[in-house]
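Asker: The structure file run_9.pdb (PDB, C-alpha atoms) is provided below.
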```pdb
ATOM      1  CA  MET A   1       0.000   0.000   0.000  1.00  0.00           C
ATOM      2  CA  VAL A   2       1.261   3.483  -0.873  1.00  0.00           C
ATOM      3  CA  ARG A   3       2.270   5.824   1.936  1.00  0.00           C
ATOM      4  CA  ALA A   4       0.023   8.884   2.112  1.00  0.00           C
ATOM      5  CA  THR A   5       1.771  12.118   3.146  1.00  0.00           C
ATOM      6  CA  ASN A   6      -1.160  14.541   3.222  1.00  0.00           C
ATOM      7  CA  ALA A   7       1.052  16.870   1.158  1.00  0.00           C
ATOM      8  CA  PRO A   8      -1.573  19.520   0.231  1.00  0.00           C
ATOM      9  CA  ALA A   9      -2.524  20.176   3.859  1.00  0.00           C
ATOM     10  CA  SER A  10       1.106  20.146   5.048  1.00  0.00           C
ATOM     11  CA  ARG A  11       2.147  22.543   2.298  1.00  0.00           C
ATOM     12  CA  LYS A  12      -0.757  24.852   3.090  1.00  0.00           C
ATOM     13  CA  ARG A  13       0.140  24.850   6.789  1.00  0.00           C
ATOM     14  CA  ARG A  14       3.802  25.653   6.054  1.00  0.00           C
ATOM     15  CA  LYS A  15       2.948  28.371   3.534  1.00  0.00           C
ATOM     16  CA  ARG A  16       0.601  29.986   6.032  1.00  0.00           C
ATOM     17  CA  ARG A  17       3.333  30.070   8.705  1.00  0.00           C
ATOM     18  CA  LEU A  18       5.942  31.445   6.263  1.00  0.00           C
ATOM     19  CA  LYS A  19       3.487  34.090   5.109  1.00  0.00           C
ATOM     20  CA  MET A  20       3.108  35.233   8.734  1.00  0.00           C
ATOM     21  CA  ALA A  21       6.923  35.553   8.932  1.00  0.00           C
ATOM     22  CA  ARG A  22       7.193  37.799   5.869  1.00  0.00           C
ATOM     23  CA  GLY A  23       9.419  40.771   6.547  1.00  0.00           C
ATOM     24  CA  TYR A  24      11.478  39.029   9.226  1.00  0.00           C
ATOM     25  CA  TYR A  25      15.265  39.121   8.892  1.00  0.00           C
ATOM     26  CA  GLY A  26      17.218  36.324   7.200  1.00  0.00           C
ATOM     27  CA  ALA A  27      16.302  32.719   7.944  1.00  0.00           C
ATOM     28  CA  ARG A  28      13.402  33.827  10.129  1.00  0.00           C
ATOM     29  CA  SER A  29      11.435  34.576   6.985  1.00  0.00           C
ATOM     30  CA  ARG A  30      12.729  31.688   4.833  1.00  0.00           C
ATOM     31  CA  LEU A  31      13.192  28.518   6.890  1.00  0.00           C
ATOM     32  CA  TYR A  32      10.096  26.892   8.307  1.00  0.00           C
ATOM     33  CA  ARG A  33      11.462  25.949  11.698  1.00  0.00           C
ATOM     34  CA  THR A  34      13.049  29.306  12.512  1.00  0.00           C
ATOM     35  CA  ALA A  35      10.039  31.115  11.050  1.00  0.00           C
ATOM     36  CA  THR A  36       7.751  29.088  13.317  1.00  0.00           C
ATOM     37  CA  GLU A  37       9.796  30.004  16.378  1.00  0.00           C
ATOM     38  CA  ALA A  38       9.883  33.674  15.411  1.00  0.00           C
ATOM     39  CA  VAL A  39       6.138  33.803  14.700  1.00  0.00           C
ATOM     40  CA  ASP A  40       5.284  32.024  17.969  1.00  0.00           C
ATOM     41  CA  ARG A  41       7.368  34.528  19.902  1.00  0.00           C
ATOM     42  CA  ALA A  42       5.885  37.460  17.986  1.00  0.00           C
ATOM     43  CA  MET A  43       2.354  36.251  18.702  1.00  0.00           C
ATOM     44  CA  ALA A  44       3.111  35.863  22.408  1.00  0.00           C
ATOM     45  CA  THR A  45       4.608  39.340  22.728  1.00  0.00           C
ATOM     46  CA  ALA A  46       1.812  40.883  20.647  1.00  0.00           C
ATOM     47  CA  TYR A  47      -0.738  39.450  23.087  1.00  0.00           C
ATOM     48  CA  ALA A  48       1.224  40.646  26.110  1.00  0.00           C
ATOM     49  CA  HIS A  49       1.798  44.086  24.628  1.00  0.00           C
ATOM     50  CA  ARG A  50      -1.884  44.600  23.847  1.00  0.00           C
ATOM     51  CA  LYS A  51      -2.433  44.234  27.591  1.00  0.00           C
ATOM     52  CA  ARG A  52       0.613  46.413  28.340  1.00  0.00           C
ATOM     53  CA  LYS A  53      -0.659  49.234  26.118  1.00  0.00           C
ATOM     54  CA  LYS A  54      -3.615  49.802  28.453  1.00  0.00           C
ATOM     55  CA  ARG A  55      -1.232  50.242  31.415  1.00  0.00           C
ATOM     56  CA  ASP A  56       1.041  52.540  29.409  1.00  0.00           C
ATOM     57  CA  PHE A  57      -1.804  54.845  28.412  1.00  0.00           C
ATOM     58  CA  ARG A  58      -3.170  55.037  31.957  1.00  0.00           C
ATOM     59  CA  SER A  59       0.315  55.974  33.154  1.00  0.00           C
ATOM     60  CA  LEU A  60       0.562  58.678  30.466  1.00  0.00           C
ATOM     61  CA  TRP A  61      -2.815  60.160  31.435  1.00  0.00           C
ATOM     62  CA  ILE A  62      -1.853  60.231  35.112  1.00  0.00           C
ATOM     63  CA  THR A  63       1.445  61.966  34.265  1.00  0.00           C
ATOM     64  CA  ARG A  64      -0.381  64.618  32.223  1.00  0.00           C
ATOM     65  CA  ILE A  65      -2.989  65.212  34.931  1.00  0.00           C
ATOM     66  CA  SER A  66      -0.264  65.426  37.576  1.00  0.00           C
ATOM     67  CA  ALA A  67       1.662  68.029  35.550  1.00  0.00           C
ATOM     68  CA  ALA A  68      -1.496  70.106  35.049  1.00  0.00           C
ATOM     69  CA  CYS A  69      -2.318  69.862  38.754  1.00  0.00           C
ATOM     70  CA  ARG A  70       1.158  70.928  39.846  1.00  0.00           C
ATOM     71  CA  ALA A  71       0.892  73.990  37.597  1.00  0.00           C
ATOM     72  CA  ARG A  72      -2.221  74.853  39.645  1.00  0.00           C
ATOM     73  CA  ARG A  73      -0.498  74.176  42.999  1.00  0.00           C
ATOM     74  CA  ILE A  74      -2.284  70.959  43.954  1.00  0.00           C
ATOM     75  CA  THR A  75      -0.979  67.397  43.967  1.00  0.00           C
ATOM     76  CA  TYR A  76      -2.463  64.666  41.819  1.00  0.00           C
ATOM     77  CA  SER A  77      -3.602  62.600  44.792  1.00  0.00           C
ATOM     78  CA  ARG A  78      -5.321  65.550  46.511  1.00  0.00           C
ATOM     79  CA  PHE A  79      -6.979  66.485  43.200  1.00  0.00           C
ATOM     80  CA  MET A  80      -8.347  62.977  42.687  1.00  0.00           C
ATOM     81  CA  GLU A  81      -9.495  62.845  46.316  1.00  0.00           C
ATOM     82  CA  GLY A  82     -11.350  66.135  45.877  1.00  0.00           C
ATOM     83  CA  LEU A  83     -13.017  64.985  42.656  1.00  0.00           C
ATOM     84  CA  ARG A  84     -14.141  61.764  44.319  1.00  0.00           C
ATOM     85  CA  LYS A  85     -15.602  63.628  47.303  1.00  0.00           C
ATOM     86  CA  ALA A  86     -17.279  66.128  44.966  1.00  0.00           C
ATOM     87  CA  GLY A  87     -18.936  63.241  43.124  1.00  0.00           C
ATOM     88  CA  ILE A  88     -17.247  64.042  39.796  1.00  0.00           C
ATOM     89  CA  THR A  89     -16.708  60.782  37.941  1.00  0.00           C
ATOM     90  CA  LEU A  90     -14.525  61.660  34.966  1.00  0.00           C
ATOM     91  CA  ASN A  91     -12.047  59.033  33.879  1.00  0.00           C
ATOM     92  CA  ARG A  92      -8.336  59.812  33.614  1.00  0.00           C
ATOM     93  CA  LYS A  93      -8.389  59.890  29.819  1.00  0.00           C
ATOM     94  CA  MET A  94     -11.017  62.639  29.807  1.00  0.00           C
ATOM     95  CA  LEU A  95      -9.272  64.559  32.600  1.00  0.00           C
ATOM     96  CA  SER A  96      -6.038  64.436  30.613  1.00  0.00           C
ATOM     97  CA  GLU A  97      -7.740  65.662  27.429  1.00  0.00           C
ATOM     98  CA  THR A  98      -9.465  68.436  29.373  1.00  0.00           C
ATOM     99  CA  ALA A  99      -6.174  69.553  30.918  1.00  0.00           C
ATOM    100  CA  ILE A 100      -4.582  69.800  27.466  1.00  0.00           C
ATOM    101  CA  HIS A 101      -7.386  71.191  25.297  1.00  0.00           C
ATOM    102  CA  ASP A 102      -9.622  73.097  27.727  1.00  0.00           C
ATOM    103  CA  PRO A 103      -7.555  74.603  30.560  1.00  0.00           C
ATOM    104  CA  ASP A 104     -10.443  76.788  31.761  1.00  0.00           C
ATOM    105  CA  SER A 105     -12.611  73.736  32.443  1.00  0.00           C
ATOM    106  CA  PHE A 106      -9.691  72.041  34.167  1.00  0.00           C
ATOM    107  CA  ASP A 107      -9.269  75.136  36.362  1.00  0.00           C
ATOM    108  CA  ARG A 108     -12.923  74.806  37.389  1.00  0.00           C
ATOM    109  CA  LEU A 109     -12.405  71.115  38.185  1.00  0.00           C
ATOM    110  CA  VAL A 110      -9.389  71.995  40.351  1.00  0.00           C
ATOM    111  CA  GLU A 111     -11.421  74.624  42.224  1.00  0.00           C
ATOM    112  CA  GLU A 112     -14.243  72.122  42.732  1.00  0.00           C
ATOM    113  CA  ALA A 113     -11.764  69.553  44.053  1.00  0.00           C
ATOM    114  CA  ARG A 114     -10.188  72.102  46.388  1.00  0.00           C
ATOM    115  CA  ALA A 115     -13.600  72.970  47.795  1.00  0.00           C
ATOM    116  CA  HIS A 116     -14.188  69.349  48.818  1.00  0.00           C
ATOM    117  CA  ILE A 117     -10.898  68.516  50.522  1.00  0.00           C
ATOM    118  CA  PRO A 118      -9.873  69.689  53.979  1.00  0.00           C
ATOM    119  CA  PRO A 119      -6.935  72.108  54.151  1.00  0.00           C
ATOM    120  CA  ALA A 120      -3.500  70.478  54.154  1.00  0.00           C
ATOM    121  CA  ARG A 121      -2.142  69.596  57.561  1.00  0.00           C
ATOM    122  CA  ASN A 122       1.112  71.211  58.598  1.00  0.00           C
ATOM    123  CA  ASN A 123       3.403  68.438  59.917  1.00  0.00           C
ATOM    124  CA  SER A 124       6.422  70.619  60.645  1.00  0.00           C
ATOM    125  CA  SER A 125       7.264  70.956  64.304  1.00  0.00           C
ATOM    126  CA  SER A 126       8.205  74.555  65.125  1.00  0.00           C
TER     127      SER A 126
END
```
Please lay out the structure from this file as structure tokens.
Answerer:
Amino acid sequence: MVRATNAPASRKRRKRRLKMARGYYGARSRLYRTATEAVDRAMATAYAHRKRKKRDFRSLWITRISAACRARRITYSRFMEGLRKAGITLNRKMLSETAIHDPDSFDRLVEEARAHIPPARNNSSS
């Protein structure tokens, strides 16, 4: 009996993997085994970095809000505390955009936050 190799399916599978590795350097785009390893690694890091991107953007928004707050002589944490106590539920993305594109509105938010937090305690012993 003749040995069946399932050549069409195997070829299709290999072509699909090599197509995914197009643009990779050297053997990574030409040899099946190295291409498979490179594609597997690329897929794993792409998945992880899609999750990472969310953290990176949140960090960027917080940095922008913090810089805008410091320009108005209030810390980020006190600002967020004041907003929470005032019942203002804007997310950090919107706060960041407001700080950049509409400084007057951000000034009003800072004043609202200041109105809802107690005055800073003086911890210096004199």
Asker: Could you tell me, as a list in words, exactly which residues end up selected when the PyMOL selection byres ((chain A and resi 32) around 12) is applied to this structure?
Answerer: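 Against this file, the PyMOL selection byres ((chain A and resi 32) around 12) returns the residues Ser10, Arg11, Arg13, Arg14, Lys15, Arg16, Arg17, Leu18, Lys19, Met20, Ala21, Arg22, Gly26, Ala27, Arg28, Ser29, Arg30, Leu31, Arg33, Thr34, Ala35, Thr36, Glu37, Ala38, Val39 and Asp40 of chain A.
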Asker: Near stretch 96-103 of chain A, counting only C-alpha atoms, which residues have an atom at most 8 Å away, once you skip same-chain residues fewer than 5 positions from it, shown as a list of chain:residue names?
Answerer: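 Using only C-alpha atoms, the neighbours found are A:Trp61, A:Ile62, A:Arg64, A:Ile65, A:Ala68.
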Asker: With only C-alpha atoms as the basis for distance, which of A:Ile88, A:Val110, A:Val2, A:Met94 is at the shortest distance from A:Tyr76?
Answerer: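 Result for the nearest residue to A:Tyr76: A:Val110.
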Asker: Neighbouring residues of A:Phe57 were defined as those with any atom within 10 Å, considering only C-alpha atoms; residues of the same chain fewer than 5 positions away were excluded. Please report them as a VMD selection string.
Answerer: chain A and resid 52 62 to 63 92 to 93
Asker: Could you jot down the atom CA of A:Pro119 to atom CA of A:Asn91 separation for me, Å, one decimal place?
Answerer: 24.7 Å
Asker: Just how far from atom CA of A:Arg78 is atom CA of A:Leu95, in Å to one decimal?
Answerer: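 Interatomic distance, atom CA of A:Leu95 to atom CA of A:Arg78: 14.5 Å.
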Asker: Apply the PyMOL selection byres ((chain A and resi 79) around 10) to the structure shown and report the selected residues as a ChimeraX atom specification.
Answerer: /A:65-66,69-70,74-78,80-85,109-114,116-117
Asker: Would you export the selected residues with C-alpha atoms as a PDB file, in the coordinates of the input, please?
Answerer:
```pdb
ATOM      1  CA  ILE A  65      -2.989  65.212  34.931  1.00  0.00           C
ATOM      2  CA  SER A  66      -0.264  65.426  37.576  1.00  0.00           C
ATOM      3  CA  CYS A  69      -2.318  69.862  38.754  1.00  0.00           C
ATOM      4  CA  ARG A  70       1.158  70.928  39.846  1.00  0.00           C
ATOM      5  CA  ILE A  74      -2.284  70.959  43.954  1.00  0.00           C
ATOM      6  CA  THR A  75      -0.979  67.397  43.967  1.00  0.00           C
ATOM      7  CA  TYR A  76      -2.463  64.666  41.819  1.00  0.00           C
ATOM      8  CA  SER A  77      -3.602  62.600  44.792  1.00  0.00           C
ATOM      9  CA  ARG A  78      -5.321  65.550  46.511  1.00  0.00           C
ATOM     10  CA  MET A  80      -8.347  62.977  42.687  1.00  0.00           C
ATOM     11  CA  GLU A  81      -9.495  62.845  46.316  1.00  0.00           C
ATOM     12  CA  GLY A  82     -11.350  66.135  45.877  1.00  0.00           C
ATOM     13  CA  LEU A  83     -13.017  64.985  42.656  1.00  0.00           C
ATOM     14  CA  ARG A  84     -14.141  61.764  44.319  1.00  0.00           C
ATOM     15  CA  LYS A  85     -15.602  63.628  47.303  1.00  0.00           C
ATOM     16  CA  LEU A 109     -12.405  71.115  38.185  1.00  0.00           C
ATOM     17  CA  VAL A 110      -9.389  71.995  40.351  1.00  0.00           C
ATOM     18  CA  GLU A 111     -11.421  74.624  42.224  1.00  0.00           C
ATOM     19  CA  GLU A 112     -14.243  72.122  42.732  1.00  0.00           C
ATOM     20  CA  ALA A 113     -11.764  69.553  44.053  1.00  0.00           C
ATOM     21  CA  ARG A 114     -10.188  72.102  46.388  1.00  0.00           C
ATOM     22  CA  HIS A 116     -14.188  69.349  48.818  1.00  0.00           C
ATOM     23  CA  ILE A 117     -10.898  68.516  50.522  1.00  0.00           C
TER      24      ILE A 117
END
```
Asker: At what distance in Å, to one decimal, does atom CA of A:Gly87 lie from atom CA of A:Ala67?
Answerer: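 Going from atom CA of A:Ala67 over to atom CA of A:Gly87 covers 22.5 Å.
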